[in-house]
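Peer 1: File upload29.cif follows (mmCIF, C-alpha atoms):
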```
data_query
loop_
_atom_site.label_atom_id
_atom_site.label_comp_id
_atom_site.auth_asym_id
_atom_site.auth_seq_id
_atom_site.Cartn_x
_atom_site.Cartn_y
_atom_site.Cartn_z
CA MET A 841 64.49 141.05 143.26
CA ARG A 842 63.57 144.45 144.60
CA GLY A 843 65.76 143.77 147.63
CA GLY A 844 68.86 143.37 145.49
CA ARG A 845 68.24 146.62 143.71
CA ARG A 846 67.53 148.46 146.89
CA THR A 847 70.82 147.27 148.32
CA ALA A 848 72.76 148.51 145.32
CA HIS A 849 71.05 151.88 145.51
CA GLY A 850 71.66 152.13 149.24
CA THR A 851 75.34 151.52 148.74
CA ALA A 852 75.56 154.28 146.17
CA LEU A 853 73.84 156.69 148.53
CA PHE A 854 76.22 155.77 151.32
CA VAL A 855 79.38 156.05 149.25
CA ALA A 856 78.54 159.23 147.36
CA PRO A 857 78.66 161.65 150.31
CA VAL A 858 81.99 160.18 151.41
CA LEU A 859 83.48 160.71 147.97
CA ALA A 860 82.05 164.20 147.84
CA ALA A 861 83.59 165.01 151.21
CA VAL A 862 86.98 163.70 150.08
CA ALA A 863 86.80 165.69 146.86
CA PHE A 864 85.82 168.79 148.78
CA ALA A 865 88.69 168.46 151.26
CA GLY A 866 91.19 167.74 148.49
CA ALA A 867 90.32 170.38 145.96
CA ALA A 868 87.72 172.70 147.37
CA SER A 869 88.84 175.65 145.29
CA ALA A 870 88.79 173.65 142.03
CA GLN A 871 85.18 172.53 142.57
CA ALA A 872 82.82 174.60 140.44
CA PRO A 873 79.42 175.12 142.05
CA ALA A 874 76.65 172.99 140.50
CA LEU A 875 74.71 174.93 137.90
CA PRO A 876 70.98 175.39 138.61
CA GLY A 877 70.33 173.44 135.42
CA GLN A 878 71.76 170.31 137.01
CA ALA A 879 69.00 170.16 139.62
CA LEU A 880 66.40 170.76 136.90
CA ALA A 881 67.94 168.08 134.67
CA PHE A 882 67.99 165.48 137.45
CA ASP A 883 64.63 166.36 139.08
CA ARG A 884 62.09 163.62 138.31
CA SER A 885 59.26 166.10 137.97
CA LYS A 886 61.24 168.44 135.70
CA GLY A 887 63.81 167.35 133.11
CA ASN A 888 64.16 163.84 134.54
CA CYS A 889 66.92 163.38 131.93
CA LEU A 890 68.48 160.43 133.81
CA THR A 891 65.44 158.28 133.15
CA CYS A 892 66.71 157.85 129.59
CA HIS A 893 70.22 159.37 129.41
CA ASP A 894 73.52 158.70 131.12
CA ILE A 895 74.93 162.00 132.41
CA LYS A 896 78.16 162.27 134.33
CA GLY A 897 77.34 162.97 137.97
CA GLY A 898 73.91 161.32 137.89
CA ASP A 899 72.92 158.01 139.51
CA ALA A 900 71.23 155.01 137.90
CA PRO A 901 70.71 156.37 134.39
CA GLY A 902 68.51 154.71 131.78
CA ASN A 903 69.65 153.94 128.25
CA VAL A 904 66.66 154.72 126.04
CA GLY A 905 68.49 157.78 124.69
CA PRO A 906 72.20 158.35 124.02
CA PRO A 907 74.59 159.36 126.83
CA LEU A 908 74.82 163.13 127.17
CA ALA A 909 78.55 163.72 126.91
CA ASP A 910 80.90 165.82 124.73
CA MET A 911 77.99 168.16 124.24
CA LYS A 912 80.07 171.13 123.05
CA SER A 913 81.59 169.21 120.18
CA ARG A 914 78.37 167.39 119.31
CA PHE A 915 76.19 170.50 119.36
CA PRO A 916 78.31 173.53 118.43
CA ASP A 917 75.06 175.35 117.62
CA ARG A 918 73.26 176.04 120.88
CA LYS A 919 70.00 176.59 119.02
CA GLU A 920 70.03 172.97 117.87
CA LEU A 921 70.40 171.56 121.37
CA THR A 922 67.76 173.93 122.73
CA ALA A 923 65.37 172.88 119.95
CA ILE A 924 65.87 169.21 120.80
CA VAL A 925 64.91 169.77 124.41
CA PHE A 926 62.00 172.00 123.37
CA ASP A 927 60.49 169.49 120.93
CA GLU A 928 62.58 166.70 119.43
CA THR A 929 59.53 165.30 117.59
CA LYS A 930 59.96 168.16 115.09
CA ARG A 931 63.27 166.72 113.97
CA ASN A 932 62.44 163.07 114.57
CA PRO A 933 58.73 162.24 114.66
CA GLN A 934 59.45 158.74 116.03
CA THR A 935 61.41 159.91 119.05
CA VAL A 936 60.07 158.99 122.48
CA MET A 937 61.65 162.11 124.00
CA PRO A 938 58.93 164.27 125.58
CA PRO A 939 58.52 167.71 123.97
CA PHE A 940 59.55 169.57 127.12
CA GLY A 941 58.90 173.06 125.77
CA ARG A 942 55.88 172.44 123.57
CA ASN A 943 54.04 170.50 126.29
CA LEU A 944 54.99 173.02 129.00
CA ILE A 945 56.92 170.50 131.07
CA LEU A 946 59.73 173.08 131.31
CA THR A 947 59.66 176.84 130.82
CA ASP A 948 61.95 178.47 128.27
CA GLY A 949 64.12 179.68 131.15
CA GLU A 950 64.39 176.18 132.60
CA ILE A 951 65.35 174.79 129.19
CA GLU A 952 68.08 177.41 128.86
CA ALA A 953 69.39 176.51 132.33
CA ILE A 954 69.45 172.81 131.44
CA VAL A 955 71.26 173.55 128.19
CA ASP A 956 73.83 175.57 130.18
CA PHE A 957 74.34 172.54 132.38
CA LEU A 958 74.51 170.09 129.47
CA TYR A 959 77.34 172.12 127.93
CA THR A 960 79.41 171.31 131.03
CA ARG A 961 79.11 167.61 130.17
CA MET B 314 45.20 156.51 113.06
CA ARG B 315 45.47 153.15 111.45
CA ILE B 316 48.37 154.35 109.37
CA SER B 317 50.23 155.75 112.37
CA ARG B 318 50.20 152.29 113.93
CA ALA B 319 51.60 150.66 110.84
CA ILE B 320 54.28 153.30 110.64
CA ALA B 321 55.16 152.89 114.30
CA ILE B 322 55.76 149.18 113.85
CA ALA B 323 57.47 149.63 110.51
CA VAL B 324 59.83 152.32 111.71
CA ALA B 325 60.71 150.39 114.84
CA ALA B 326 61.37 147.36 112.67
CA LEU B 327 63.48 149.37 110.24
CA VAL B 328 65.57 150.84 113.00
CA VAL B 329 66.23 147.46 114.49
CA ALA B 330 66.52 145.21 111.50
CA GLY B 331 68.00 147.71 109.08
CA ALA B 332 65.30 146.63 106.64
CA GLY B 333 64.64 148.47 103.41
CA PRO B 334 61.72 150.70 102.47
CA ALA B 335 59.88 147.61 101.21
CA ALA B 336 59.03 146.70 104.80
CA ALA B 337 57.55 150.14 105.42
CA ALA B 338 55.54 149.91 102.22
CA ALA B 339 54.26 146.49 103.21
CA ALA B 340 53.24 147.76 106.61
CA ALA B 341 51.51 150.78 105.08
CA ALA B 342 49.66 148.50 102.65
CA ALA B 343 48.54 146.35 105.57
CA ALA B 344 47.03 149.47 107.09
CA ASP B 345 44.42 149.79 104.35
CA SER B 346 42.17 147.15 105.87
CA ILE B 347 41.72 145.59 109.28
CA ASP B 348 43.74 142.42 109.08
CA PRO B 349 44.47 140.90 112.50
CA ASP B 350 46.35 137.97 110.95
CA ALA B 351 48.77 140.26 109.11
CA ASP B 352 49.20 142.41 112.22
CA PHE B 353 49.89 139.30 114.25
CA LYS B 354 52.59 138.14 111.89
CA ALA B 355 54.28 141.56 111.68
CA PHE B 356 54.16 141.93 115.46
CA ARG B 357 55.58 138.47 116.09
CA ASP B 358 58.31 138.90 113.46
CA TYR B 359 59.32 142.23 114.92
CA TYR B 360 60.04 140.76 118.35
CA THR B 361 61.61 137.52 117.22
CA LYS B 362 63.95 139.37 114.85
CA ARG B 363 64.86 141.95 117.44
CA PHE B 364 65.47 139.32 120.13
CA PRO B 365 66.63 136.22 118.25
CA ASP B 366 68.11 134.70 121.42
CA VAL B 367 64.91 134.92 123.48
CA PRO B 368 62.83 131.73 123.19
CA LEU B 369 59.32 132.65 122.06
CA ASN B 370 57.62 131.35 125.21
CA ASP B 371 60.02 133.32 127.41
CA PHE B 372 58.47 136.63 126.33
CA VAL B 373 55.72 135.95 128.88
CA ASN B 374 58.34 136.60 131.56
CA GLY B 375 58.52 140.24 130.57
CA PRO B 376 61.62 142.11 131.74
CA TYR B 377 63.28 138.86 132.91
CA SER B 378 63.39 137.67 129.30
CA MET B 379 65.38 140.80 128.46
CA ASP B 380 67.91 141.06 131.29
CA ALA B 381 70.05 138.28 132.75
CA GLU B 382 70.83 140.07 136.02
CA LEU B 383 67.19 140.85 136.70
CA ARG B 384 66.33 137.24 135.87
CA LYS B 385 68.75 135.96 138.51
CA GLN B 386 67.14 138.14 141.15
CA TRP B 387 63.70 136.92 140.08
CA GLU B 388 64.70 133.28 140.24
CA ALA B 389 66.10 133.85 143.71
CA ILE B 390 62.74 135.05 145.07
CA ASP B 391 60.60 132.67 143.05
CA ASP B 392 60.90 129.94 145.69
CA PHE B 393 58.58 132.09 147.80
CA PRO B 394 56.63 134.07 145.24
CA PRO B 395 54.96 137.20 146.60
CA TYR B 396 51.71 136.41 144.78
CA ASP B 397 51.17 133.10 146.61
CA PHE B 398 48.78 134.58 149.12
CA ALA B 399 46.64 135.93 146.30
CA ILE B 400 46.33 132.48 144.71
CA ASP B 401 45.31 130.97 148.06
CA ARG B 402 42.81 133.70 148.72
CA GLY B 403 41.34 133.41 145.23
CA LYS B 404 41.00 129.67 145.62
CA GLN B 405 39.16 130.14 148.87
CA MET B 406 36.88 132.76 147.31
CA PHE B 407 36.12 130.35 144.46
CA ALA B 408 35.14 127.68 146.97
CA THR B 409 32.91 130.00 149.02
CA PRO B 410 29.28 130.23 147.80
CA PHE B 411 27.52 133.59 147.32
CA LYS B 412 24.54 134.33 149.57
CA ASN B 413 22.31 132.62 147.01
CA GLY B 414 24.35 129.42 147.16
CA LYS B 415 25.87 129.77 143.69
CA THR B 416 29.63 130.06 143.13
CA TYR B 417 32.01 131.77 140.72
CA GLY B 418 32.44 128.45 139.00
CA ASP B 419 28.76 128.47 138.03
CA CYS B 420 29.34 131.57 135.88
CA PHE B 421 32.14 130.10 133.75
CA PRO B 422 32.85 127.25 131.36
CA GLU B 423 34.79 124.40 133.01
CA LYS B 424 33.75 125.86 136.38
CA GLY B 425 36.30 128.61 135.76
CA ILE B 426 39.30 126.28 135.98
CA GLY B 427 41.97 126.45 133.27
CA ILE B 428 40.19 129.01 131.07
CA ARG B 429 42.31 132.16 131.41
CA GLN B 430 43.77 131.68 127.94
CA ASN B 431 40.37 132.31 126.33
CA TYR B 432 39.98 135.84 127.73
CA PRO B 433 39.16 138.40 126.58
CA TYR B 434 36.61 137.23 124.06
CA PHE B 435 34.17 138.99 121.77
CA ASP B 436 30.58 138.44 122.85
CA ASP B 437 28.39 138.40 119.76
CA LYS B 438 25.21 138.92 121.77
CA SER B 439 26.22 142.18 123.41
CA GLY B 440 28.69 143.14 120.69
CA GLU B 441 31.48 143.93 123.16
CA VAL B 442 34.76 142.56 124.44
CA ILE B 443 34.46 140.62 127.70
CA THR B 444 37.57 140.45 129.84
CA LEU B 445 38.04 138.07 132.75
CA GLU B 446 37.76 140.94 135.21
CA LEU B 447 34.50 142.15 133.69
CA ALA B 448 33.10 138.60 133.63
CA LEU B 449 33.93 138.18 137.31
CA ASN B 450 32.11 141.33 138.38
CA ARG B 451 29.15 140.52 136.11
CA CYS B 452 29.06 137.13 137.78
CA ARG B 453 28.92 138.78 141.18
CA GLU B 454 26.20 141.19 140.14
CA ALA B 455 24.13 138.45 138.49
CA ASN B 456 24.21 136.67 141.83
CA GLY B 457 23.20 139.67 143.89
CA GLU B 458 26.68 140.57 145.10
CA ALA B 459 28.32 144.01 144.90
CA PRO B 460 31.09 144.34 142.30
CA TYR B 461 34.71 144.54 143.42
CA SER B 462 37.22 147.25 142.62
CA TYR B 463 38.87 146.27 139.35
CA VAL B 464 42.41 147.23 140.20
CA LYS B 465 43.59 145.08 143.13
CA ASP B 466 42.67 143.12 146.26
CA GLU B 467 39.79 140.69 145.68
CA MET B 468 39.82 141.09 141.90
CA ALA B 469 43.56 140.40 141.81
CA SER B 470 43.09 137.33 143.99
CA LEU B 471 40.32 135.89 141.80
CA THR B 472 42.23 136.47 138.57
CA ALA B 473 45.45 135.18 140.19
CA TYR B 474 43.76 131.88 141.00
CA MET B 475 42.17 131.61 137.56
CA ALA B 476 45.51 132.34 135.88
CA PHE B 477 47.29 129.86 138.11
CA THR B 478 44.91 127.05 137.13
CA SER B 479 45.62 127.91 133.48
CA ARG B 480 49.40 128.15 133.59
CA GLY B 481 51.10 126.84 130.50
CA LYS B 482 47.94 126.89 128.38
CA PRO B 483 48.45 128.81 125.14
CA PHE B 484 46.43 131.97 124.61
CA ASP B 485 43.66 131.36 122.13
CA ILE B 486 41.92 134.65 121.44
CA LYS B 487 39.47 134.65 118.56
CA ILE B 488 38.48 137.58 116.42
CA PRO B 489 35.32 136.49 114.67
CA ASN B 490 34.57 137.81 111.21
CA ASP B 491 32.12 140.29 112.65
CA PRO B 492 32.56 144.00 111.89
CA ARG B 493 31.96 144.83 115.55
CA ALA B 494 34.76 142.52 116.68
CA LEU B 495 37.12 143.89 114.06
CA GLU B 496 36.24 147.42 115.11
CA ALA B 497 36.94 146.61 118.77
CA TYR B 498 40.28 145.11 117.77
CA GLN B 499 41.18 148.15 115.69
CA LYS B 500 40.17 150.63 118.37
CA GLY B 501 42.32 148.73 120.86
CA ALA B 502 45.28 148.79 118.51
CA GLU B 503 44.86 152.50 117.81
CA TYR B 504 44.74 153.28 121.51
CA PHE B 505 47.90 151.26 122.04
CA TYR B 506 49.84 153.16 119.37
CA ALA B 507 48.43 156.66 120.00
CA ARG B 508 50.55 159.11 121.94
CA ARG B 509 49.01 160.83 124.91
CA GLY B 510 49.71 162.71 128.10
CA GLN B 511 52.04 165.60 128.80
CA LEU B 512 54.99 163.28 128.21
CA ASN B 513 53.63 162.35 124.76
CA PHE B 514 54.10 158.59 125.09
CA SER B 515 52.09 155.80 123.55
CA CYS B 516 51.99 152.36 125.13
CA ALA B 517 54.15 151.34 122.18
CA SER B 518 56.78 154.02 122.88
CA CYS B 519 58.02 151.86 125.74
CA HIS B 520 56.78 148.36 125.00
CA VAL B 521 57.32 148.22 121.22
CA GLN B 522 60.09 150.73 120.58
CA ASN B 523 62.12 150.15 123.74
CA PRO B 524 61.67 146.70 125.27
CA GLY B 525 64.80 145.62 127.14
CA ASN B 526 66.01 149.20 127.49
CA HIS B 527 66.24 150.81 130.90
CA ILE B 528 64.35 153.77 132.26
CA ARG B 529 66.47 154.54 135.29
CA THR B 530 67.01 151.03 136.70
CA GLU B 531 63.73 149.62 135.38
CA VAL B 532 63.80 147.21 132.43
CA LEU B 533 60.99 147.84 129.95
CA ALA B 534 58.90 144.77 129.14
CA PRO B 535 58.08 143.70 125.59
CA ALA B 536 54.42 144.09 124.60
CA LEU B 537 54.57 140.56 123.24
CA GLY B 538 53.44 138.37 126.14
CA ILE B 539 52.89 141.30 128.47
CA VAL B 540 49.34 140.21 129.30
CA ALA B 541 50.33 136.62 130.07
CA ALA B 542 51.62 137.28 133.59
CA MET B 543 48.58 139.23 134.79
CA PRO B 544 47.73 139.80 137.54
CA ILE B 545 51.11 140.73 138.97
CA TYR B 546 52.67 141.44 142.32
CA ARG B 547 54.65 144.64 141.79
CA SER B 548 57.18 145.71 144.35
CA GLU B 549 56.60 149.26 143.15
CA TRP B 550 52.93 148.88 144.15
CA ASN B 551 53.71 146.96 147.31
CA GLY B 552 51.00 144.54 146.31
CA MET B 553 48.97 142.85 143.62
CA GLY B 554 47.53 144.62 140.60
CA THR B 555 45.31 143.59 137.73
CA MET B 556 45.47 144.34 134.02
CA SER B 557 43.18 147.29 134.78
CA ARG B 558 45.67 148.62 137.29
CA ARG B 559 48.51 148.31 134.78
CA LEU B 560 46.64 150.30 132.12
CA VAL B 561 45.54 153.02 134.53
CA THR B 562 49.04 153.46 135.97
CA CYS B 563 50.61 153.51 132.50
CA ASN B 564 48.34 156.39 131.54
CA SER B 565 49.11 158.24 134.77
CA GLN B 566 52.85 157.73 134.39
CA VAL B 567 52.84 159.56 131.06
CA ARG B 568 50.81 162.31 132.75
CA GLY B 569 47.76 161.42 130.75
CA VAL B 570 44.18 161.04 131.94
CA PRO B 571 43.39 157.38 132.64
CA LEU B 572 40.07 155.91 131.60
CA GLU B 573 37.86 154.16 134.12
CA PRO B 574 39.00 150.57 134.73
CA GLN B 575 37.27 148.25 132.26
CA ASP B 576 36.26 151.17 130.05
CA GLU B 577 35.34 149.73 126.67
CA LEU B 578 38.56 151.13 125.17
CA TYR B 579 40.73 149.45 127.79
CA ARG B 580 38.98 146.17 127.07
CA ASP B 581 39.67 146.71 123.38
CA VAL B 582 43.36 147.29 124.15
CA GLU B 583 43.45 144.05 126.12
CA TYR B 584 41.73 142.29 123.22
CA TYR B 585 44.36 143.57 120.77
CA LEU B 586 47.32 142.82 123.04
CA THR B 587 46.16 139.37 124.03
CA TYR B 588 45.48 138.46 120.41
CA MET B 589 49.07 139.50 119.65
CA SER B 590 50.16 136.99 122.33
CA ASN B 591 48.18 134.07 120.91
CA GLY B 592 50.06 130.78 121.26
CA LEU B 593 52.16 132.00 124.18
CA PRO B 594 51.51 130.30 127.52
CA VAL B 595 49.66 131.77 130.46
CA SER B 596 52.32 132.59 133.09
CA GLY B 597 50.28 134.50 135.65
CA PRO B 598 50.18 135.41 138.34
CA GLY B 599 53.55 137.08 138.01
CA ALA B 600 56.04 139.09 140.05
CA ARG B 601 57.59 142.28 138.73
CA PRO B 602 59.85 144.95 140.23
#
```
So, in terms of C-alpha cells, how does the structure I just supplied come out?
Peer 2:
Amino acid sequence: MRGGRRTAHGTALFVAPVLAAVAFAGAASAQAPALPGQALAFDRSKGNCLTCHDIKGGDAPGNVGPPLADMKSRFPDRKELTAIVFDETKRNPQTVMPPFGRNLILTDGEIEAIVDFLYTR
Amino acid sequence: MRISRAIAIAVAALVVAGAGPAAAAAAAAAADSIDPDADFKAFRDYYTKRFPDVPLNDFVNGPYSMDAELRKQWEAIDDFPPYDFAIDRGKQMFATPFKNGKTYGDCFPEKGIGIRQNYPYFDDKSGEVITLELALNRCREANGEAPYSYVKDEMASLTAYMAFTSRGKPFDIKIPNDPRALEAYQKGAEYFYARRGQLNFSCASCHVQNPGNHIRTEVLAPALGIVAAMPIYRSEWNGMGTMSRRLVTCNSQVRGVPLEPQDELYRDVEYYLTYMSNGLPVSGPGARP
C-alpha cells in the first residue's frame, strides 16, 4: 500500500517543477516571490500547517482542520488570526491545534511571518 | 482528570452527533465513579454512531475501515503480507526450547496458543496489569534467559505468532471488582485522554476526535479496535513493531517524553484500550502504512 502512495507522491514531485518552469517562462514578471512565511508554514518542524490544513500551493494536505483560504475575508482582524496561531486552545479548549506561540514551537516573529503568508491565501 | 476524559468523549460525541447537553451531563455524571461498563458503552456508541456504515468487527482494521482507497491498496498487498516472516520466526522460537529445556508454551495457559484475546489481564497476586509482552519477558527471565527489547524484532515475532494463533477470537478483558484493578484502568484512561508534549496532543486527540481524518496523507485510526492488530508491520518503520513501540512513537511524535516500554502506565493504557475493544476479534499481526 505504501508503494501506491509513493508513486503518487513521486509523480507530484516530477510534475511540479515542470509546471513551475512553464509558469515562470510564461509570466515571470507576474510571479510574486514566495513570502518567508510560506517556508515556515510548510516546514514540518515549524508550522507544519499542511499536516492538518489544505493551503493553495502545498502538497498532500491533511483535513483535520479547515482549508486555509479566503483568509482576508474570514479574518479581517489580524489580531484574531495571530491569536489562533499563538494558542487556539484559549478560544476553543477542545481544539487539537498545537499552541504554537504558547509552547514555543514558533517565535512571535515567525507567527507574524506565517500570518503575512496566510493573508495571501 | 477523570472529568476531562468524560468531557473529551462528550464533546467529541456532541460535535459529531449534534446531541444535546443531556449527553454531556450524562458523561459528566459517569465521571463521578469508576465505571468501566458505562465507559465501554459510551465509547462503543460514540464510534458506531459516528461511523454507522463501518461493521463493528471492521474497526480492528484501523485506517482501512475508514478509507476505501487505502483499503484497496491494503487488499492488494495482503496476498503477501509483510508480517509473514515474523509469524514464521515466532513459531520457530516457540518450538525451540530454552537452555533449561522448557519452552514459551510452558509459561502460558493452552501452551500459549489462541490466548491473545485475554491480554492484558489484572494479576491479583502482584496487583498489576500483565501484558503479553511483559509475560513473555518474565517467561524468559524465569527460565534463565535474558529479556528481549520490547519494541521490535524477537518480541514482535513472538507476539505476531501468538496473535496469529488467536485470530478471530473476541477480546475478553476482565476488570475484576478490585480497587487496584479499577485504579489501573482509570490511570490508563487518564493517560489516554491527557494532553502532553510540545504539540499538546492526547492519544485521544487523534484516535477519538479525528479517526478517519488525514494528517498529510496518513489516515488516523480509530481507538476502537486499535490494539487488535498488534503487533504491526509499518512501512513507516520499515519493519515490525509492538504495542510498546506504538505507544513510545506516539509520545515522541507529539514531542513528548515517552515512558520506558512496559512502564506500568503504558500497561494501564493498554488495559483500558483493550477493554474498550472487548468483543472485537483479534486481527494481528497487521500491516499499516
Peer 1: Using all atoms listed in the file, which residues sit within 8 Å of Pro907 (chain A) once same-chain residues fewer than 5 positions away are excluded, as JSON, numbers by chain?
Peer 2: {"A": [893, 894, 895]}
Peer 1: Can you list, as an MDAnalysis selection string, the residues that the PyMOL selection byres ((chain A) within 9 of (chain B)) selects here?
Peer 2: chainID A and resid 841:845 890:893 899:904 934:940 943:945
Peer 1: Give me, please, the distance in Å between CA of Pro483 (chain B) and CA of Gly427 (chain B), quoted to one decimal.
Peer 2: 10.7 Å
Peer 1: What gap, in Å, lies between CA of Leu449 (chain B) and CA of Cys516 (chain B)?
Peer 2: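 Going from CA of Leu449 (chain B) over to CA of Cys516 (chain B) covers 26.0 Å.
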Peer 1: Separation of CA of Asn551 (chain B) and CA of Asp466 (chain B), in Å?
Peer 2: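 Those two atoms sit 11.7 Å apart.
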Peer 1: Could you state which residues are captured by the PyMOL selection byres ((chain B and resi 399) around 10) in this file, as a ChimeraX atom specification?
Peer 2: /B:395-398,400-405,466-474,544-546,552-553,598
Peer 1: Given the selection you just returned, output its residues as a file containing C-alpha atoms, formatted as a PDB file, in the coordinates of the input.
Peer 2:
```pdb
ATOM      1  CA  PRO B 395      54.960 137.200 146.600  1.00  0.00           C
ATOM      2  CA  TYR B 396      51.710 136.410 144.780  1.00  0.00           C
ATOM      3  CA  ASP B 397      51.170 133.100 146.610  1.00  0.00           C
ATOM      4  CA  PHE B 398      48.780 134.580 149.120  1.00  0.00           C
ATOM      5  CA  ILE B 400      46.330 132.480 144.710  1.00  0.00           C
ATOM      6  CA  ASP B 401      45.310 130.970 148.060  1.00  0.00           C
ATOM      7  CA  ARG B 402      42.810 133.700 148.720  1.00  0.00           C
ATOM      8  CA  GLY B 403      41.340 133.410 145.230  1.00  0.00           C
ATOM      9  CA  LYS B 404      41.000 129.670 145.620  1.00  0.00           C
ATOM     10  CA  GLN B 405      39.160 130.140 148.870  1.00  0.00           C
ATOM     11  CA  ASP B 466      42.670 143.120 146.260  1.00  0.00           C
ATOM     12  CA  GLU B 467      39.790 140.690 145.680  1.00  0.00           C
ATOM     13  CA  MET B 468      39.820 141.090 141.900  1.00  0.00           C
ATOM     14  CA  ALA B 469      43.560 140.400 141.810  1.00  0.00           C
ATOM     15  CA  SER B 470      43.090 137.330 143.990  1.00  0.00           C
ATOM     16  CA  LEU B 471      40.320 135.890 141.800  1.00  0.00           C
ATOM     17  CA  THR B 472      42.230 136.470 138.570  1.00  0.00           C
ATOM     18  CA  ALA B 473      45.450 135.180 140.190  1.00  0.00           C
ATOM     19  CA  TYR B 474      43.760 131.880 141.000  1.00  0.00           C
ATOM     20  CA  PRO B 544      47.730 139.800 137.540  1.00  0.00           C
ATOM     21  CA  ILE B 545      51.110 140.730 138.970  1.00  0.00           C
ATOM     22  CA  TYR B 546      52.670 141.440 142.320  1.00  0.00           C
ATOM     23  CA  GLY B 552      51.000 144.540 146.310  1.00  0.00           C
ATOM     24  CA  MET B 553      48.970 142.850 143.620  1.00  0.00           C
ATOM     25  CA  PRO B 598      50.180 135.410 138.340  1.00  0.00           C
TER      26      PRO B 598
END
```
Peer 1: On this file, the PyMOL selection byres ((chain B and resi 421) around 12) gives some set of residues; write that set as a list of chain:residue names.
Peer 2: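 Applied to this file, the PyMOL selection byres ((chain B and resi 421) around 12) returns B:Phe407, B:Lys415, B:Thr416, B:Tyr417, B:Gly418, B:Asp419, B:Cys420, B:Pro422, B:Glu423, B:Lys424, B:Gly425, B:Ile426, B:Gly427, B:Ile428, B:Arg429, B:Asn431, B:Tyr432, B:Leu445, B:Ala448, B:Leu449, B:Arg451, B:Cys452, B:Arg453, B:Met475.
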Peer 1: When you count all atoms listed in the file, which of these residues is closest to Ala536 (chain B): B:Glu583, B:Asp350, B:Glu458, B:Asp366?
Peer 2: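 For Ala536 (chain B), the nearest of the candidates is B:Glu583.
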Peer 1: Within 10 Å of region 570-582 of chain B, counting only C-alpha atoms, which residues show up once you throw out same-chain ones fewer than 2 positions away? Write them as a ChimeraX atom specification, please.
Peer 2: /B:433-435,441-447,462-464,494,496-506,509-511,555-568,584-588
Peer 1: Name all residues at most 10 Å from Ile539 (chain B) (count all atoms listed in the file; drop same-chain ones fewer than 2 positions away) and give them as a ChimeraX atom specification.
Peer 2: /B:372-376,520,534-537,541-543,556,586-587,589-590,596
Peer 1: Any chance you could export the current selection's C-alpha atoms as a PDB file, in the frame of the given file?
Peer 2:
```pdb
ATOM      1  CA  PHE B 372      58.470 136.630 126.330  1.00  0.00           C
ATOM      2  CA  VAL B 373      55.720 135.950 128.880  1.00  0.00           C
ATOM      3  CA  ASN B 374      58.340 136.600 131.560  1.00  0.00           C
ATOM      4  CA  GLY B 375      58.520 140.240 130.570  1.00  0.00           C
ATOM      5  CA  PRO B 376      61.620 142.110 131.740  1.00  0.00           C
ATOM      6  CA  HIS B 520      56.780 148.360 125.000  1.00  0.00           C
ATOM      7  CA  ALA B 534      58.900 144.770 129.140  1.00  0.00           C
ATOM      8  CA  PRO B 535      58.080 143.700 125.590  1.00  0.00           C
ATOM      9  CA  ALA B 536      54.420 144.090 124.600  1.00  0.00           C
ATOM     10  CA  LEU B 537      54.570 140.560 123.240  1.00  0.00           C
ATOM     11  CA  ALA B 541      50.330 136.620 130.070  1.00  0.00           C
ATOM     12  CA  ALA B 542      51.620 137.280 133.590  1.00  0.00           C
ATOM     13  CA  MET B 543      48.580 139.230 134.790  1.00  0.00           C
ATOM     14  CA  MET B 556      45.470 144.340 134.020  1.00  0.00           C
ATOM     15  CA  LEU B 586      47.320 142.820 123.040  1.00  0.00           C
ATOM     16  CA  THR B 587      46.160 139.370 124.030  1.00  0.00           C
ATOM     17  CA  MET B 589      49.070 139.500 119.650  1.00  0.00           C
ATOM     18  CA  SER B 590      50.160 136.990 122.330  1.00  0.00           C
ATOM     19  CA  SER B 596      52.320 132.590 133.090  1.00  0.00           C
TER      20      SER B 596
END
```
